[in-house]
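Structure file work.tsv (TSV, N, CA and C atoms) is printed below.
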chain	number	residue	atom	x	y	z
A	27	MET	N	80.35	171.11	-68.29
A	27	MET	CA	79.10	170.83	-68.92
A	27	MET	C	79.33	169.77	-69.98
A	28	LEU	N	78.46	168.79	-70.08
A	28	LEU	CA	78.56	167.69	-71.03
A	28	LEU	C	77.44	167.83	-72.04
A	29	PHE	N	77.77	167.76	-73.31
A	29	PHE	CA	76.78	167.81	-74.36
A	29	PHE	C	76.71	166.44	-75.02
A	30	LEU	N	75.50	165.92	-75.18
A	30	LEU	CA	75.31	164.62	-75.82
A	30	LEU	C	74.30	164.80	-76.93
A	31	PHE	N	74.68	164.47	-78.14
A	31	PHE	CA	73.78	164.58	-79.27
A	31	PHE	C	73.39	163.17	-79.67
A	32	CYS	N	72.11	162.89	-79.66
A	32	CYS	CA	71.63	161.52	-79.89
A	32	CYS	C	71.00	161.38	-81.27
A	33	GLU	N	71.13	160.21	-81.82
A	33	GLU	CA	70.53	159.85	-83.08
A	33	GLU	C	69.22	159.11	-82.80
A	34	PRO	N	68.34	159.00	-83.78
A	34	PRO	CA	67.09	158.29	-83.58
A	34	PRO	C	67.32	156.83	-83.17
A	35	VAL	N	66.44	156.33	-82.33
A	35	VAL	CA	66.52	154.94	-81.86
A	35	VAL	C	65.28	154.23	-82.39
A	36	LEU	N	65.47	153.13	-83.12
A	36	LEU	CA	64.35	152.51	-83.80
A	36	LEU	C	63.94	151.14	-83.25
A	37	ASN	N	64.76	150.48	-82.45
A	37	ASN	CA	64.42	149.13	-82.01
A	37	ASN	C	64.35	149.07	-80.48
A	38	PRO	N	63.72	148.02	-79.92
A	38	PRO	CA	63.58	147.90	-78.47
A	38	PRO	C	64.91	147.86	-77.73
A	39	ALA	N	65.91	147.18	-78.28
A	39	ALA	CA	67.22	147.13	-77.61
A	39	ALA	C	67.84	148.53	-77.57
A	40	GLY	N	67.64	149.28	-78.64
A	40	GLY	CA	68.14	150.65	-78.67
A	40	GLY	C	67.45	151.53	-77.65
A	41	ARG	N	66.14	151.36	-77.48
A	41	ARG	CA	65.38	152.12	-76.48
A	41	ARG	C	65.86	151.79	-75.08
A	42	SER	N	66.10	150.53	-74.83
A	42	SER	CA	66.60	150.10	-73.52
A	42	SER	C	67.96	150.73	-73.24
A	43	MET	N	68.83	150.74	-74.25
A	43	MET	CA	70.14	151.34	-74.09
A	43	MET	C	70.01	152.85	-73.84
A	44	MET	N	69.08	153.49	-74.54
A	44	MET	CA	68.86	154.93	-74.38
A	44	MET	C	68.44	155.26	-72.94
A	45	ILE	N	67.55	154.48	-72.37
A	45	ILE	CA	67.09	154.70	-71.00
A	45	ILE	C	68.24	154.43	-70.02
A	46	SER	N	69.05	153.41	-70.29
A	46	SER	CA	70.22	153.13	-69.44
A	46	SER	C	71.20	154.30	-69.47
A	47	VAL	N	71.44	154.85	-70.65
A	47	VAL	CA	72.33	156.00	-70.78
A	47	VAL	C	71.76	157.18	-70.01
A	48	ALA	N	70.45	157.39	-70.08
A	48	ALA	CA	69.81	158.49	-69.35
A	48	ALA	C	70.04	158.33	-67.85
A	49	MET	N	69.90	157.11	-67.33
A	49	MET	CA	70.11	156.88	-65.90
A	49	MET	C	71.57	157.14	-65.51
A	50	ILE	N	72.50	156.70	-66.35
A	50	ILE	CA	73.92	156.93	-66.06
A	50	ILE	C	74.23	158.42	-66.07
A	51	LEU	N	73.68	159.15	-67.05
A	51	LEU	CA	73.91	160.60	-67.12
A	51	LEU	C	73.35	161.31	-65.89
A	52	LYS	N	72.18	160.88	-65.41
A	52	LYS	CA	71.59	161.48	-64.20
A	52	LYS	C	72.50	161.23	-63.00
A	53	LYS	N	73.01	160.00	-62.87
A	53	LYS	CA	73.90	159.68	-61.75
A	53	LYS	C	75.18	160.50	-61.81
A	54	LEU	N	75.78	160.60	-63.00
A	54	LEU	CA	77.00	161.39	-63.16
A	54	LEU	C	76.74	162.87	-62.85
A	55	ALA	N	75.62	163.38	-63.31
A	55	ALA	CA	75.29	164.79	-63.07
A	55	ALA	C	75.15	165.05	-61.57
A	56	HIS	N	74.47	164.15	-60.88
A	56	HIS	CA	74.27	164.32	-59.44
A	56	HIS	C	75.59	164.18	-58.68
A	57	LYS	N	76.36	163.14	-58.99
A	57	LYS	CA	77.60	162.87	-58.28
A	57	LYS	C	78.65	163.96	-58.47
A	58	HIS	N	78.75	164.50	-59.68
A	58	HIS	CA	79.80	165.47	-60.00
A	58	HIS	C	79.28	166.90	-60.17
A	59	ASN	N	78.02	167.13	-59.81
A	59	ASN	CA	77.41	168.46	-59.91
A	59	ASN	C	77.54	169.02	-61.33
A	60	LEU	N	77.10	168.22	-62.30
A	60	LEU	CA	77.18	168.58	-63.71
A	60	LEU	C	75.82	168.92	-64.27
A	61	SER	N	75.83	169.65	-65.36
A	61	SER	CA	74.63	169.84	-66.18
A	61	SER	C	74.81	168.98	-67.42
A	62	VAL	N	73.78	168.29	-67.81
A	62	VAL	CA	73.82	167.46	-69.01
A	62	VAL	C	72.75	167.97	-69.96
A	63	LEU	N	73.14	168.22	-71.19
A	63	LEU	CA	72.21	168.67	-72.21
A	63	LEU	C	72.13	167.62	-73.30
A	64	VAL	N	70.93	167.12	-73.54
A	64	VAL	CA	70.69	166.15	-74.60
A	64	VAL	C	69.73	166.80	-75.58
A	65	THR	N	70.11	166.86	-76.84
A	65	THR	CA	69.21	167.43	-77.84
A	65	THR	C	68.37	166.32	-78.45
A	66	ASN	N	67.13	166.63	-78.72
A	66	ASN	CA	66.20	165.69	-79.32
A	66	ASN	C	65.58	166.39	-80.52
A	67	HIS	N	66.29	166.38	-81.62
A	67	HIS	CA	65.84	167.09	-82.81
A	67	HIS	C	64.55	166.49	-83.36
A	68	MET	N	63.84	167.29	-84.10
A	68	MET	CA	62.61	166.85	-84.72
A	68	MET	C	62.94	166.24	-86.09
A	69	VAL	N	62.24	165.17	-86.43
A	69	VAL	CA	62.41	164.52	-87.73
A	69	VAL	C	61.05	164.40	-88.39
A	70	ALA	N	61.03	164.20	-89.70
A	70	ALA	CA	59.77	164.05	-90.43
A	70	ALA	C	59.18	162.68	-90.13
A	71	GLY	N	57.87	162.65	-89.95
A	71	GLY	CA	57.22	161.38	-89.71
A	71	GLY	C	55.74	161.46	-90.01
A	72	ASN	N	55.28	160.75	-91.02
A	72	ASN	CA	53.87	160.70	-91.40
A	72	ASN	C	53.26	162.09	-91.56
A	73	GLY	N	53.99	162.99	-92.19
A	73	GLY	CA	53.46	164.31	-92.48
A	73	GLY	C	53.61	165.33	-91.37
A	74	ALA	N	53.99	164.91	-90.17
A	74	ALA	CA	54.15	165.85	-89.05
A	74	ALA	C	55.49	165.60	-88.38
A	75	PRO	N	56.14	166.66	-87.89
A	75	PRO	CA	57.42	166.44	-87.20
A	75	PRO	C	57.23	165.66	-85.90
A	76	LYS	N	58.22	164.84	-85.57
A	76	LYS	CA	58.17	164.08	-84.33
A	76	LYS	C	59.57	164.05	-83.72
A	77	PRO	N	59.66	163.84	-82.39
A	77	PRO	CA	60.98	163.81	-81.75
A	77	PRO	C	61.78	162.59	-82.19
A	78	ALA	N	63.06	162.81	-82.51
A	78	ALA	CA	63.92	161.74	-83.01
A	78	ALA	C	64.09	160.61	-81.98
A	79	LEU	N	64.12	160.94	-80.70
A	79	LEU	CA	64.31	159.92	-79.67
A	79	LEU	C	63.01	159.23	-79.27
A	80	GLY	N	61.90	159.64	-79.86
A	80	GLY	CA	60.62	158.98	-79.63
A	80	GLY	C	59.94	159.41	-78.34
A	81	GLU	N	58.76	158.87	-78.14
A	81	GLU	CA	57.94	159.21	-76.98
A	81	GLU	C	58.52	158.68	-75.67
A	82	SER	N	59.27	157.59	-75.73
A	82	SER	CA	59.81	157.00	-74.50
A	82	SER	C	60.82	157.92	-73.82
A	83	TRP	N	61.40	158.85	-74.55
A	83	TRP	CA	62.40	159.76	-73.98
A	83	TRP	C	61.77	160.79	-73.05
A	84	LYS	N	60.48	161.07	-73.20
A	84	LYS	CA	59.82	162.12	-72.41
A	84	LYS	C	60.02	161.96	-70.92
A	85	ALA	N	60.06	160.74	-70.42
A	85	ALA	CA	60.18	160.50	-68.98
A	85	ALA	C	61.62	160.59	-68.48
A	86	ALA	N	62.60	160.57	-69.37
A	86	ALA	CA	64.00	160.49	-68.95
A	86	ALA	C	64.54	161.76	-68.30
A	87	PRO	N	64.40	162.94	-68.88
A	87	PRO	CA	65.03	164.13	-68.28
A	87	PRO	C	64.24	164.69	-67.11
A	88	HIS	N	64.95	165.39	-66.23
A	88	HIS	CA	64.29	166.11	-65.13
A	88	HIS	C	63.63	167.38	-65.65
A	89	ILE	N	64.25	167.99	-66.64
A	89	ILE	CA	63.76	169.25	-67.20
A	89	ILE	C	63.68	169.10	-68.71
A	90	ARG	N	62.54	169.49	-69.29
A	90	ARG	CA	62.39	169.49	-70.74
A	90	ARG	C	62.05	170.90	-71.19
A	91	LEU	N	62.79	171.38	-72.15
A	91	LEU	CA	62.54	172.69	-72.74
A	91	LEU	C	62.30	172.52	-74.23
A	92	MET	N	61.38	173.29	-74.77
A	92	MET	CA	61.20	173.34	-76.21
A	92	MET	C	61.75	174.70	-76.64
A	93	ILE	N	62.69	174.69	-77.57
A	93	ILE	CA	63.30	175.93	-78.05
A	93	ILE	C	62.92	176.09	-79.51
A	94	SER	N	62.33	177.25	-79.81
A	94	SER	CA	61.93	177.54	-81.18
A	94	SER	C	62.48	178.90	-81.57
A	95	ARG	N	62.53	179.15	-82.89
A	95	ARG	CA	63.08	180.41	-83.37
A	95	ARG	C	62.20	180.97	-84.46
A	96	ASP	N	61.91	182.26	-84.37
A	96	ASP	CA	61.20	182.98	-85.42
A	96	ASP	C	62.25	183.40	-86.44
A	97	ARG	N	62.23	182.80	-87.60
A	97	ARG	CA	63.28	183.05	-88.61
A	97	ARG	C	63.27	184.50	-89.10
A	98	GLY	N	62.12	185.14	-89.08
A	98	GLY	CA	62.04	186.52	-89.55
A	98	GLY	C	62.76	187.50	-88.63
A	99	SER	N	62.58	187.34	-87.33
A	99	SER	CA	63.17	188.28	-86.37
A	99	SER	C	64.40	187.70	-85.67
A	100	ASN	N	64.63	186.38	-85.83
A	100	ASN	CA	65.74	185.68	-85.18
A	100	ASN	C	65.60	185.68	-83.66
A	101	ILE	N	64.39	185.86	-83.16
A	101	ILE	CA	64.12	185.80	-81.72
A	101	ILE	C	63.72	184.36	-81.38
A	102	CYS	N	64.31	183.84	-80.32
A	102	CYS	CA	64.05	182.47	-79.88
A	102	CYS	C	63.13	182.48	-78.67
A	103	THR	N	62.41	181.38	-78.48
A	103	THR	CA	61.55	181.21	-77.32
A	103	THR	C	61.86	179.86	-76.69
A	104	ALA	N	62.10	179.86	-75.38
A	104	ALA	CA	62.29	178.63	-74.62
A	104	ALA	C	61.05	178.44	-73.76
A	105	THR	N	60.39	177.30	-73.90
A	105	THR	CA	59.16	176.99	-73.16
A	105	THR	C	59.39	175.78	-72.27
A	106	THR	N	59.01	175.87	-71.01
A	106	THR	CA	59.15	174.76	-70.07
A	106	THR	C	58.07	173.72	-70.34
A	107	LEU	N	58.48	172.48	-70.69
A	107	LEU	CA	57.54	171.39	-70.90
A	107	LEU	C	57.48	170.46	-69.69
A	108	LYS	N	58.59	170.38	-68.95
A	108	LYS	CA	58.65	169.53	-67.76
A	108	LYS	C	59.72	170.11	-66.84
A	109	HIS	N	59.41	170.24	-65.56
A	109	HIS	CA	60.37	170.76	-64.60
A	109	HIS	C	59.99	170.26	-63.22
A	110	THR	N	60.98	169.95	-62.41
A	110	THR	CA	60.70	169.42	-61.07
A	110	THR	C	60.25	170.52	-60.11
A	111	LEU	N	60.58	171.79	-60.39
A	111	LEU	CA	60.23	172.88	-59.48
A	111	LEU	C	59.36	173.97	-60.09
A	112	LEU	N	59.46	174.20	-61.38
A	112	LEU	CA	58.73	175.28	-62.04
A	112	LEU	C	57.48	174.78	-62.72
A	113	ALA	N	56.53	175.68	-62.90
A	113	ALA	CA	55.29	175.34	-63.60
A	113	ALA	C	55.58	175.17	-65.09
A	114	CYS	N	54.90	174.23	-65.70
A	114	CYS	CA	55.05	174.02	-67.13
A	114	CYS	C	54.34	175.14	-67.89
A	115	GLY	N	54.80	175.38	-69.10
A	115	GLY	CA	54.19	176.40	-69.94
A	115	GLY	C	54.82	177.76	-69.82
A	116	ARG	N	55.71	177.95	-68.84
A	116	ARG	CA	56.40	179.24	-68.73
A	116	ARG	C	57.35	179.38	-69.92
A	117	HIS	N	57.50	180.59	-70.42
A	117	HIS	CA	58.38	180.77	-71.56
A	117	HIS	C	59.19	182.05	-71.42
A	118	MET	N	60.29	182.09	-72.15
A	118	MET	CA	61.20	183.22	-72.13
A	118	MET	C	61.69	183.45	-73.55
A	119	LYS	N	61.72	184.69	-73.97
A	119	LYS	CA	62.24	185.04	-75.29
A	119	LYS	C	63.68	185.50	-75.14
A	120	PHE	N	64.52	185.15	-76.14
A	120	PHE	CA	65.91	185.57	-76.12
A	120	PHE	C	66.42	185.65	-77.55
A	121	GLN	N	67.57	186.25	-77.71
A	121	GLN	CA	68.18	186.40	-79.04
A	121	GLN	C	69.67	186.21	-78.94
A	122	PHE	N	70.24	185.47	-79.90
A	122	PHE	CA	71.69	185.33	-79.97
A	122	PHE	C	72.24	186.52	-80.74
A	123	LEU	N	73.22	187.16	-80.17
A	123	LEU	CA	73.84	188.31	-80.81
A	123	LEU	C	75.18	187.91	-81.41
A	124	PRO	N	75.57	188.52	-82.53
A	124	PRO	CA	76.88	188.19	-83.10
A	124	PRO	C	78.00	188.63	-82.17
A	125	SER	N	79.08	187.84	-82.16
A	125	SER	CA	80.19	188.17	-81.25
A	125	SER	C	81.11	189.19	-81.84

Rewrite the coordinates I just gave you, this time as structure tokens.
Amino acid sequence: MLFLFCEPVLNPAGRSMMISVAMILKKLAHKHNLSVLVTNHMVAGNGAPKPALGESWKAAPHIRLMISRDRGSNICTATTLKHTLLACGRHMKFQFLPS
């Protein structure tokens, strides 16, 4: 499994590079039967949180999940935002337990 943590991209050349990296990651995943996880953290922007990789990233992944956590109960929710086979809006609750 490959984990890639991305920083915000602010200029057109950076966006182009980001899309190129997405295409390369998809090819590597397909060729070598890999899973690729890219995190797109939320950042502050004009009073409301926004994705660090911007709106152009939405089309890049095959599957998009939104993961949130209730700080009071420490229960997390994963919601399907985009999937090639599953309906969007499906969600699952889970909790990380101490080891």

Exercise for the section: List every protein, DNA or RNA residue that has an atom no more than 8 Å from (55.0, 178.5, -70.2) in the file's coordinate frame, counting all atoms listed in the file, and report them as a VMD selection string. Expected result: chain A and resid 104 to 107 113 to 118

Practice task
Could you find all residues in region 70-125 of chain A that DSSP calls helix (DSSP H, G or I) from the backbone, and write them as a list in words?
Solution key: Glu81, Ser82, Trp83, Lys84 and Ala85 of chain A

Problem - d(atom C of Thr65 (chain A), atom N of Lys108 (chain A)) in Å - result: 14.2 Å

Handout entry: Nearest candidate to Ala85 (chain A) (options A:Ile45, A:Cys102, A:Lys57, A:Phe122; using only C-alpha atoms)
Key =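 Using only C-alpha atoms, Ala85 (chain A) sits closest to A:Ile45.
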
Exercise for the section: For Pro77 (chain A), list every protein, DNA or RNA residue within 9 Å, evaluated using only C-alpha atoms, and leave out those in the same chain fewer than 3 positions away; present the list as a list in words. Expected result: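 With the cut-off at 9 Å, the set is Pro34, Asn66, His67, Met68, Val69, Ala70, Gly80, Glu81 and Trp83 of chain A.
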
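The interatomic distance for the pair atom C of Phe120 (chain A) and CA of Ile89 (chain A) works out to 19.6 Å.
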
Problem - Proximity to Asn100 (chain A) - best of A:Met43, A:Val64, A:Gln121, A:Pro38, only N, CA and C atoms - result: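 The answer is A:Gln121, which sits nearest to Asn100 (chain A).
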
Handout entry: Atom-to-atom span, atom N of Gly71 (chain A) and CA of Ser99 (chain A), Å
Key =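 Interatomic distance, atom N of Gly71 (chain A) to CA of Ser99 (chain A): 26.4 Å.
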
Practice task
Would you please give, as a PyMOL selection string, all residues of region 31-124 of chain A that DSSP assigns to strand (DSSP E) based on the backbone?
Solution key: chain A and resi 31+62-65+68-71+74-77+90-96+101-108+117-121
